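**Student:** Dropping in coords-v3.pdb, with PDB, C-alpha atoms.
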ATOM      1  CA  MET A1079      48.406 -27.644  16.466  1.00  0.00           C
ATOM      2  CA  THR A1080      50.290 -30.552  14.938  1.00  0.00           C
ATOM      3  CA  ILE A1081      52.897 -32.120  17.191  1.00  0.00           C
ATOM      4  CA  GLU A1082      55.980 -33.413  15.404  1.00  0.00           C
ATOM      5  CA  ILE A1083      56.676 -37.075  16.071  1.00  0.00           C
ATOM      6  CA  PRO A1084      60.207 -37.349  17.510  1.00  0.00           C
ATOM      7  CA  TYR A1085      62.760 -39.595  15.877  1.00  0.00           C
ATOM      8  CA  SER A1086      66.337 -40.590  16.689  1.00  0.00           C
ATOM      9  CA  GLU A1087      68.541 -42.347  14.172  1.00  0.00           C
ATOM     10  CA  ALA A1088      70.745 -43.557  17.046  1.00  0.00           C
ATOM     11  CA  CYS A1089      67.728 -45.227  18.704  1.00  0.00           C
ATOM     12  CA  GLU A1090      66.911 -46.935  15.443  1.00  0.00           C
ATOM     13  CA  ARG A1091      70.475 -48.257  15.120  1.00  0.00           C
ATOM     14  CA  ASN A1092      70.922 -49.436  18.691  1.00  0.00           C
ATOM     15  CA  LYS A1093      67.520 -50.995  19.421  1.00  0.00           C
ATOM     16  CA  ASP A1094      68.421 -54.448  18.101  1.00  0.00           C
ATOM     17  CA  PRO A1095      71.866 -54.662  19.766  1.00  0.00           C
ATOM     18  CA  ILE A1096      70.290 -53.608  23.084  1.00  0.00           C
ATOM     19  CA  LEU A1097      67.434 -56.079  22.709  1.00  0.00           C
ATOM     20  CA  THR A1098      69.909 -58.894  22.102  1.00  0.00           C
ATOM     21  CA  VAL A1099      71.562 -58.157  25.462  1.00  0.00           C
ATOM     22  CA  ILE A1100      68.463 -57.560  27.567  1.00  0.00           C
ATOM     23  CA  SER A1101      65.987 -59.983  25.973  1.00  0.00           C
ATOM     24  CA  ASP A1102      66.325 -62.608  28.720  1.00  0.00           C
ATOM     25  CA  TYR A1103      65.780 -60.009  31.436  1.00  0.00           C
ATOM     26  CA  LEU A1104      62.686 -58.681  29.677  1.00  0.00           C
ATOM     27  CA  ASP A1105      61.386 -62.268  29.463  1.00  0.00           C
ATOM     28  CA  ARG A1106      61.777 -62.563  33.235  1.00  0.00           C
ATOM     29  CA  SER A1107      59.878 -59.321  33.846  1.00  0.00           C
ATOM     30  CA  LYS A1108      56.262 -58.235  33.553  1.00  0.00           C
ATOM     31  CA  CYS A1109      56.260 -54.521  34.287  1.00  0.00           C
ATOM     32  CA  VAL A1110      58.952 -52.096  33.124  1.00  0.00           C
ATOM     33  CA  LEU A1111      59.591 -48.459  34.009  1.00  0.00           C
ATOM     34  CA  GLU A1112      61.561 -46.514  31.418  1.00  0.00           C
ATOM     35  CA  ILE A1113      63.161 -43.371  32.803  1.00  0.00           C
ATOM     36  CA  GLY A1114      63.910 -40.792  30.132  1.00  0.00           C
ATOM     37  CA  THR A1115      61.793 -42.269  27.349  1.00  0.00           C
ATOM     38  CA  GLY A1116      62.865 -39.546  24.903  1.00  0.00           C
ATOM     39  CA  THR A1117      61.482 -40.362  21.455  1.00  0.00           C
ATOM     40  CA  GLY A1118      59.606 -43.466  22.612  1.00  0.00           C
ATOM     41  CA  GLN A1119      61.247 -45.669  19.971  1.00  0.00           C
ATOM     42  CA  HIS A1120      62.748 -48.157  22.430  1.00  0.00           C
ATOM     43  CA  ALA A1121      59.511 -48.446  24.405  1.00  0.00           C
ATOM     44  CA  ILE A1122      57.507 -49.202  21.276  1.00  0.00           C
ATOM     45  CA  TYR A1123      59.987 -51.622  19.733  1.00  0.00           C
ATOM     46  CA  PHE A1124      60.749 -53.658  22.841  1.00  0.00           C
ATOM     47  CA  SER A1125      57.070 -53.873  23.757  1.00  0.00           C
ATOM     48  CA  GLN A1126      56.135 -55.038  20.272  1.00  0.00           C
ATOM     49  CA  VAL A1127      58.740 -57.808  20.449  1.00  0.00           C
ATOM     50  CA  LYS A1128      57.771 -58.668  24.038  1.00  0.00           C
ATOM     51  CA  PRO A1129      53.965 -58.291  24.128  1.00  0.00           C
ATOM     52  CA  HIS A1130      53.734 -59.758  27.637  1.00  0.00           C
ATOM     53  CA  LEU A1131      55.324 -56.591  29.062  1.00  0.00           C
ATOM     54  CA  ARG A1132      53.528 -53.619  30.587  1.00  0.00           C
ATOM     55  CA  TRP A1133      55.853 -50.735  29.735  1.00  0.00           C
ATOM     56  CA  GLN A1134      55.522 -47.429  31.613  1.00  0.00           C
ATOM     57  CA  THR A1135      57.071 -44.453  29.825  1.00  0.00           C
ATOM     58  CA  SER A1136      58.263 -41.340  31.657  1.00  0.00           C
ATOM     59  CA  ASP A1137      60.255 -38.181  31.071  1.00  0.00           C
ATOM     60  CA  GLN A1138      60.554 -34.489  31.832  1.00  0.00           C
ATOM     61  CA  SER A1139      57.751 -32.155  30.789  1.00  0.00           C
ATOM     62  CA  HIS A1140      59.155 -30.939  27.460  1.00  0.00           C
ATOM     63  CA  TYR A1141      59.321 -34.513  26.087  1.00  0.00           C
ATOM     64  CA  LEU A1142      55.828 -35.668  27.045  1.00  0.00           C
ATOM     65  CA  SER A1143      53.862 -34.352  24.063  1.00  0.00           C
ATOM     66  CA  GLY A1144      56.297 -35.949  21.611  1.00  0.00           C
ATOM     67  CA  ILE A1145      56.092 -39.308  23.380  1.00  0.00           C
ATOM     68  CA  GLU A1146      52.299 -39.112  23.412  1.00  0.00           C
ATOM     69  CA  ALA A1147      52.281 -38.379  19.656  1.00  0.00           C
ATOM     70  CA  GLN A1148      54.622 -41.289  18.999  1.00  0.00           C
ATOM     71  CA  LEU A1149      52.455 -43.694  20.998  1.00  0.00           C
ATOM     72  CA  GLU A1150      49.273 -42.486  19.325  1.00  0.00           C
ATOM     73  CA  VAL A1151      50.689 -43.397  15.921  1.00  0.00           C
ATOM     74  CA  ALA A1152      52.207 -46.712  17.073  1.00  0.00           C
ATOM     75  CA  ARG A1153      49.110 -47.860  18.972  1.00  0.00           C
ATOM     76  CA  VAL A1154      50.986 -50.406  21.080  1.00  0.00           C
ATOM     77  CA  GLY A1155      48.503 -51.586  23.679  1.00  0.00           C
ATOM     78  CA  ASN A1156      51.035 -52.615  26.316  1.00  0.00           C
ATOM     79  CA  VAL A1157      52.823 -49.248  26.460  1.00  0.00           C
ATOM     80  CA  LYS A1158      51.426 -46.710  28.909  1.00  0.00           C
ATOM     81  CA  GLY A1159      51.435 -42.995  28.194  1.00  0.00           C
ATOM     82  CA  PRO A1160      54.253 -41.008  29.760  1.00  0.00           C
ATOM     83  CA  VAL A1161      54.205 -39.767  33.329  1.00  0.00           C
ATOM     84  CA  LEU A1162      56.028 -36.608  34.325  1.00  0.00           C
ATOM     85  CA  LEU A1163      59.184 -37.721  36.110  1.00  0.00           C
ATOM     86  CA  ASP A1164      62.180 -35.682  37.159  1.00  0.00           C
ATOM     87  CA  VAL A1165      64.642 -37.909  39.000  1.00  0.00           C
ATOM     88  CA  LYS A1166      65.150 -35.229  41.677  1.00  0.00           C
ATOM     89  CA  GLN A1167      61.484 -34.984  42.594  1.00  0.00           C
ATOM     90  CA  GLU A1168      60.778 -36.399  46.036  1.00  0.00           C
ATOM     91  CA  CYS A1169      58.030 -38.783  44.923  1.00  0.00           C
ATOM     92  CA  TRP A1170      58.194 -40.378  41.481  1.00  0.00           C
ATOM     93  CA  PHE A1171      54.597 -41.650  41.601  1.00  0.00           C
ATOM     94  CA  LYS A1172      51.618 -40.317  43.550  1.00  0.00           C
ATOM     95  CA  HIS A1173      50.461 -43.861  44.208  1.00  0.00           C
ATOM     96  CA  GLU A1174      52.937 -46.603  45.042  1.00  0.00           C
ATOM     97  CA  GLN A1175      54.002 -48.482  41.938  1.00  0.00           C
ATOM     98  CA  ARG A1176      56.628 -51.193  41.722  1.00  0.00           C
ATOM     99  CA  PHE A1177      58.405 -52.569  38.674  1.00  0.00           C
ATOM    100  CA  ASP A1178      60.327 -55.711  37.732  1.00  0.00           C
ATOM    101  CA  LEU A1179      62.783 -53.858  35.515  1.00  0.00           C
ATOM    102  CA  ILE A1180      63.967 -50.249  35.337  1.00  0.00           C
ATOM    103  CA  TYR A1181      65.343 -49.185  31.955  1.00  0.00           C
ATOM    104  CA  THR A1182      67.171 -46.005  30.984  1.00  0.00           C
ATOM    105  CA  ALA A1183      69.201 -45.252  27.863  1.00  0.00           C
ATOM    106  CA  ASN A1184      71.519 -42.337  27.118  1.00  0.00           C
ATOM    107  CA  THR A1185      70.523 -40.399  30.211  1.00  0.00           C
ATOM    108  CA  PHE A1186      73.382 -40.553  32.728  1.00  0.00           C
ATOM    109  CA  HIS A1187      75.751 -38.452  30.607  1.00  0.00           C
ATOM    110  CA  ILE A1188      73.017 -35.822  30.166  1.00  0.00           C
ATOM    111  CA  MET A1189      72.252 -35.637  33.890  1.00  0.00           C
ATOM    112  CA  ALA A1190      74.352 -33.695  36.382  1.00  0.00           C
ATOM    113  CA  ASP A1191      76.094 -35.597  39.193  1.00  0.00           C
ATOM    114  CA  ASP A1192      73.374 -34.814  41.729  1.00  0.00           C
ATOM    115  CA  GLU A1193      70.712 -36.086  39.324  1.00  0.00           C
ATOM    116  CA  VAL A1194      72.493 -39.416  38.891  1.00  0.00           C
ATOM    117  CA  GLU A1195      72.744 -39.643  42.683  1.00  0.00           C
ATOM    118  CA  ALA A1196      69.023 -38.835  43.014  1.00  0.00           C
ATOM    119  CA  PHE A1197      68.222 -41.535  40.463  1.00  0.00           C
ATOM    120  CA  PHE A1198      69.773 -44.197  42.678  1.00  0.00           C
ATOM    121  CA  GLU A1199      68.413 -42.703  45.907  1.00  0.00           C
ATOM    122  CA  ARG A1200      64.834 -43.004  44.591  1.00  0.00           C
ATOM    123  CA  LEU A1201      65.177 -46.457  42.995  1.00  0.00           C
ATOM    124  CA  ASN A1202      64.076 -48.344  46.092  1.00  0.00           C
ATOM    125  CA  THR A1203      60.695 -46.597  45.921  1.00  0.00           C
ATOM    126  CA  VAL A1204      59.883 -48.221  42.561  1.00  0.00           C
ATOM    127  CA  MET A1205      61.728 -51.562  42.573  1.00  0.00           C
ATOM    128  CA  ASN A1206      60.031 -54.870  43.302  1.00  0.00           C
ATOM    129  CA  LYS A1207      61.791 -57.257  45.683  1.00  0.00           C
ATOM    130  CA  THR A1208      63.271 -58.890  42.603  1.00  0.00           C
ATOM    131  CA  CYS A1209      64.233 -56.298  40.018  1.00  0.00           C
ATOM    132  CA  PHE A1210      66.681 -55.546  37.224  1.00  0.00           C
ATOM    133  CA  LEU A1211      68.213 -52.191  36.361  1.00  0.00           C
ATOM    134  CA  VAL A1212      69.390 -51.705  32.772  1.00  0.00           C
ATOM    135  CA  VAL A1213      71.493 -48.654  31.899  1.00  0.00           C
ATOM    136  CA  TYR A1214      72.739 -48.002  28.371  1.00  0.00           C
ATOM    137  CA  GLY A1215      75.232 -45.322  27.340  1.00  0.00           C
ATOM    138  CA  PRO A1216      78.910 -44.291  27.351  1.00  0.00           C
ATOM    139  CA  PHE A1217      81.123 -44.717  30.420  1.00  0.00           C
ATOM    140  CA  LYS A1218      84.712 -44.193  31.517  1.00  0.00           C
ATOM    141  CA  TYR A1219      86.722 -46.946  33.215  1.00  0.00           C
ATOM    142  CA  GLU A1220      89.431 -46.138  35.765  1.00  0.00           C
ATOM    143  CA  GLY A1221      89.191 -42.546  34.573  1.00  0.00           C
ATOM    144  CA  MET A1222      89.878 -43.474  30.949  1.00  0.00           C
ATOM    145  CA  PHE A1223      87.579 -43.038  27.973  1.00  0.00           C
ATOM    146  CA  THR A1224      86.892 -46.118  25.869  1.00  0.00           C
ATOM    147  CA  SER A1225      87.570 -44.182  22.642  1.00  0.00           C
ATOM    148  CA  GLU A1226      88.887 -40.858  21.371  1.00  0.00           C
ATOM    149  CA  SER A1227      85.415 -40.022  20.080  1.00  0.00           C
ATOM    150  CA  ASN A1228      83.996 -40.426  23.601  1.00  0.00           C
ATOM    151  CA  ALA A1229      86.690 -38.088  24.944  1.00  0.00           C
ATOM    152  CA  ALA A1230      85.657 -35.478  22.359  1.00  0.00           C
ATOM    153  CA  PHE A1231      81.988 -36.101  23.163  1.00  0.00           C
ATOM    154  CA  ASP A1232      82.693 -35.510  26.849  1.00  0.00           C
ATOM    155  CA  LEU A1233      84.203 -32.107  26.066  1.00  0.00           C
ATOM    156  CA  ARG A1234      81.087 -31.129  24.116  1.00  0.00           C
ATOM    157  CA  LEU A1235      78.889 -32.273  26.991  1.00  0.00           C
ATOM    158  CA  ARG A1236      80.864 -30.249  29.527  1.00  0.00           C
ATOM    159  CA  ASP A1237      80.716 -27.170  27.299  1.00  0.00           C
ATOM    160  CA  ARG A1238      76.942 -27.168  27.812  1.00  0.00           C
ATOM    161  CA  GLY A1239      77.584 -25.910  31.330  1.00  0.00           C
ATOM    162  CA  VAL A1240      74.763 -27.868  32.967  1.00  0.00           C
ATOM    163  CA  GLY A1241      76.793 -30.669  34.563  1.00  0.00           C
ATOM    164  CA  SER A1242      76.580 -33.152  31.700  1.00  0.00           C
ATOM    165  CA  ALA A1243      79.551 -35.501  31.302  1.00  0.00           C
ATOM    166  CA  ILE A1244      80.414 -39.129  30.612  1.00  0.00           C
ATOM    167  CA  ARG A1245      80.324 -40.871  33.981  1.00  0.00           C
ATOM    168  CA  ASP A1246      82.898 -43.094  35.651  1.00  0.00           C
ATOM    169  CA  PHE A1247      81.676 -46.685  35.769  1.00  0.00           C
ATOM    170  CA  GLU A1248      83.186 -47.210  39.223  1.00  0.00           C
ATOM    171  CA  TRP A1249      81.264 -44.272  40.690  1.00  0.00           C
ATOM    172  CA  VAL A1250      77.962 -45.356  39.147  1.00  0.00           C
ATOM    173  CA  ASN A1251      78.485 -48.955  40.213  1.00  0.00           C
ATOM    174  CA  GLN A1252      79.110 -47.858  43.803  1.00  0.00           C
ATOM    175  CA  LEU A1253      75.851 -45.880  43.764  1.00  0.00           C
ATOM    176  CA  ALA A1254      74.106 -49.026  42.540  1.00  0.00           C
ATOM    177  CA  VAL A1255      75.734 -51.176  45.234  1.00  0.00           C
ATOM    178  CA  ASP A1256      74.729 -48.658  47.886  1.00  0.00           C
ATOM    179  CA  SER A1257      71.150 -49.038  46.624  1.00  0.00           C
ATOM    180  CA  GLY A1258      71.295 -52.802  47.159  1.00  0.00           C
ATOM    181  CA  LEU A1259      72.019 -53.788  43.566  1.00  0.00           C
ATOM    182  CA  THR A1260      74.615 -56.238  42.276  1.00  0.00           C
ATOM    183  CA  LEU A1261      76.246 -55.923  38.871  1.00  0.00           C
ATOM    184  CA  ILE A1262      75.224 -58.834  36.638  1.00  0.00           C
ATOM    185  CA  ARG A1263      76.596 -57.858  33.223  1.00  0.00           C
ATOM    186  CA  ASP A1264      78.704 -55.172  31.604  1.00  0.00           C
ATOM    187  CA  VAL A1265      78.507 -55.552  27.833  1.00  0.00           C
ATOM    188  CA  LYS A1266      80.467 -53.536  25.292  1.00  0.00           C
ATOM    189  CA  MET A1267      78.082 -52.181  22.662  1.00  0.00           C
ATOM    190  CA  PRO A1268      78.443 -50.561  19.224  1.00  0.00           C
ATOM    191  CA  ALA A1269      79.365 -46.860  18.953  1.00  0.00           C
ATOM    192  CA  ASN A1270      81.488 -46.991  22.139  1.00  0.00           C
ATOM    193  CA  ASN A1271      78.587 -47.565  24.504  1.00  0.00           C
ATOM    194  CA  GLN A1272      77.993 -50.046  27.312  1.00  0.00           C
ATOM    195  CA  CYS A1273      74.946 -51.944  28.497  1.00  0.00           C
ATOM    196  CA  LEU A1274      75.065 -52.355  32.272  1.00  0.00           C
ATOM    197  CA  ILE A1275      72.679 -54.662  34.084  1.00  0.00           C
ATOM    198  CA  TRP A1276      72.279 -54.813  37.862  1.00  0.00           C
ATOM    199  CA  GLY A1277      69.881 -56.923  39.870  1.00  0.00           C
ATOM    200  CA  VAL A1278      68.398 -57.339  43.307  1.00  0.00           C
ATOM    201  CA  GLY A1279      66.740 -60.479  44.679  1.00  0.00           C
ATOM    202  CA  HIS A1280      68.157 -62.720  41.950  1.00  0.00           C
ATOM    203  CA  ASP A1281      70.556 -65.629  42.303  1.00  0.00           C
TER     204      ASP A1281
END
Mind converting the file's structure to structure tokens?

**Tutor:**
Amino acid sequence: MTIEIPYSEACERNKDPILTVISDYLDRSKCVLEIGTGTGQHAIYFSQVKPHLRWQTSDQSHYLSGIEAQLEVARVGNVKGPVLLDVKQECWFKHEQRFDLIYTANTFHIMADDEVEAFFERLNTVMNKTCFLVVYGPFKYEGMFTSESNAAFDLRLRDRGVGSAIRDFEWVNQLAVDSGLTLIRDVKMPANNQCLIWGVGHD
């Protein structure tokens, strides 16, 4: 059976703007965990540009075969095949693994509230003593959407009936603070997105 290689036009458009923001943090890291790898395009591109990285992909079960197919074609030696990871599972890895940078893009608005909370509750089990967290996607600020298109997008997300919604920055930031992280940067990105970077153990 032939497995279709996944592709996202949005990933193709946003990979360079994201890389511009996070390049310095990738340079200061060796091992990266991507949560919600999706199509695998970011993992492949960033790891090609930064060959010193060891990039661990992960996602829920229905995405794994597509990621594996993508990686087989790309043949990027410093990207590891995806591990099954649901943020609500008690143990993310069977054997203790720690990472210098945790990366996730366009996931928080897909998750339900309790999944976002679980994400931050489990972070300490995979973060090194010095670690960065990079989160990319749309957010609200002080309860307000950053654009009319994001407000419309939020309605479509809520209509799915699974708890998806654009998250409040203040709520997410408090979850990060409660996990021992400090906000380093909040960068406005194209297409009404943000790139948020937190850190622990850094000056």

**Student:** If we count all atoms listed in the file and set the cut-off at 9 Å, which residues sit around region 1182-1197 of chain A, ignoring sequence neighbours fewer than 3 positions away in its own chain? Please answer as a PyMOL selection string.

**Tutor:** chain A and resi 1111-1115+1120+1164-1167+1200-1201+1211-1217+1232+1235+1240-1245+1250+1253+1273

**Student:** Determine the nearest neighbour of His1280 (chain A) from the options A:Ser1257, A:Thr1208, A:Ser1101, A:Thr1135, counting only C-alpha atoms.

**Tutor:**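 Nearest to His1280 (chain A): A:Thr1208.
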
**Student:** Find the residues near Glu1220 (chain A): any atom within 10 Å, counting only C-alpha atoms, skip ones fewer than 5 places away on the same chain, and give them as a ChimeraX atom specification.

**Tutor:** /A:1246-1249

**Student:** What's the 10 Å shell around Arg1106 (chain A), counting only C-alpha atoms, without same-chain residues fewer than 3 positions away, as a compact mmCIF listing (two decimals) with C-alpha atoms, in the frame of the given file?

**Tutor:**
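Saved file result.txt follows:
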# COMPACT_ATOMS: atom_id res chain seq x y z
CA SER A 1101 65.99 -59.98 25.97
CA ASP A 1102 66.32 -62.61 28.72
CA TYR A 1103 65.78 -60.01 31.44
CA CYS A 1109 56.26 -54.52 34.29
CA LEU A 1131 55.32 -56.59 29.06
CA ASP A 1178 60.33 -55.71 37.73
CA LEU A 1179 62.78 -53.86 35.52
CA CYS A 1209 64.23 -56.30 40.02
CA PHE A 1210 66.68 -55.55 37.22

**Student:** For CA of Trp1170 (chain A) and CA of His1140 (chain A), quote the distance in Å rounded to one decimal.

**Tutor:**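 Straight-line distance from CA of Trp1170 (chain A) to CA of His1140 (chain A) works out to 16.9 Å.
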
**Student:** With the file shown as input, list the residues that the PyMOL selection byres ((chain A and resi 1143) around 10) selects, as a list in words.

**Tutor:**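 On this input, the PyMOL selection byres ((chain A and resi 1143) around 10) captures Ile1081, Glu1082, Ile1083, Pro1084, Ser1139, His1140, Tyr1141, Leu1142, Gly1144, Ile1145, Glu1146, Ala1147, Gln1148, Leu1149, Gly1159 and Pro1160 of chain A.
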
**Student:** Between A:Gln1119, A:Asn1156, A:Ser1107, A:Lys1172, which one has atoms that come closest to Glu1087 (chain A), using only C-alpha atoms?

**Tutor:** A:Gln1119

**Student:** Between A:Leu1163, A:Ala1121, A:Ala1152, A:Val1278, which has the minimum distance to Lys1207 (chain A) (counting all atoms listed in the file)?

**Tutor:**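 The answer is A:Val1278, which sits nearest to Lys1207 (chain A).
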
**Student:** So which residues touch Val1265 (chain A) within 8 Å, counting all atoms listed in the file, skipping near sequence neighbours fewer than 2 positions away, as an NGL selection string?

**Tutor:** :A and (1099 or 1263 or 1267 or 1272-1274)

**Student:** Quick one, how far is CA of Pro1268 (chain A) from CA of Tyr1219 (chain A)?

**Tutor:**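 We find that CA of Pro1268 (chain A) and CA of Tyr1219 (chain A) lie 16.7 Å from each other.
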
**Student:** Could you state the separation of CA of Thr1117 (chain A) and CA of Tyr1085 (chain A) in Å, given to one decimal place?

**Tutor:**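 One can read the CA of Thr1117 (chain A) to CA of Tyr1085 (chain A) distance as 5.8 Å.
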
**Student:** So which residues get picked by the PyMOL selection byres ((chain A and resi 1175) around 9) here, written as number ranges by chain?

**Tutor:** A: 1171-1174, 1176-1177, 1203-1206

**Student:** Which residue out of A:Tyr1123, A:Gly1116, A:His1130, A:Leu1104 has the minimum interatomic distance to Glu1090 (chain A) when all atoms listed in the file are used?

**Tutor:**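 Selected residue with least distance to Glu1090 (chain A): A:Tyr1123.
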
**Student:** May I ask which of the residues A:Glu1168, A:Gln1134, A:Thr1224, A:Ala1254 is the closest one to Ala1269 (chain A), counting all atoms listed in the file?

**Tutor:** A:Thr1224

**Student:** Using all atoms listed in the file, can you tell me which of A:Leu1259, A:Gln1138, A:Ala1230, A:Cys1089 comes closest to Leu1162 (chain A)?

**Tutor:**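 Ranking A:Leu1259, A:Gln1138, A:Ala1230, A:Cys1089 by distance to Leu1162 (chain A), first place goes to A:Gln1138.
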
**Student:** Quick one: which residues end up in the PyMOL selection byres ((chain A and resi 1260) around 7) for this structure, as a PyMOL selection string?

**Tutor:** chain A and resi 1255+1258-1259+1261-1262+1276-1278
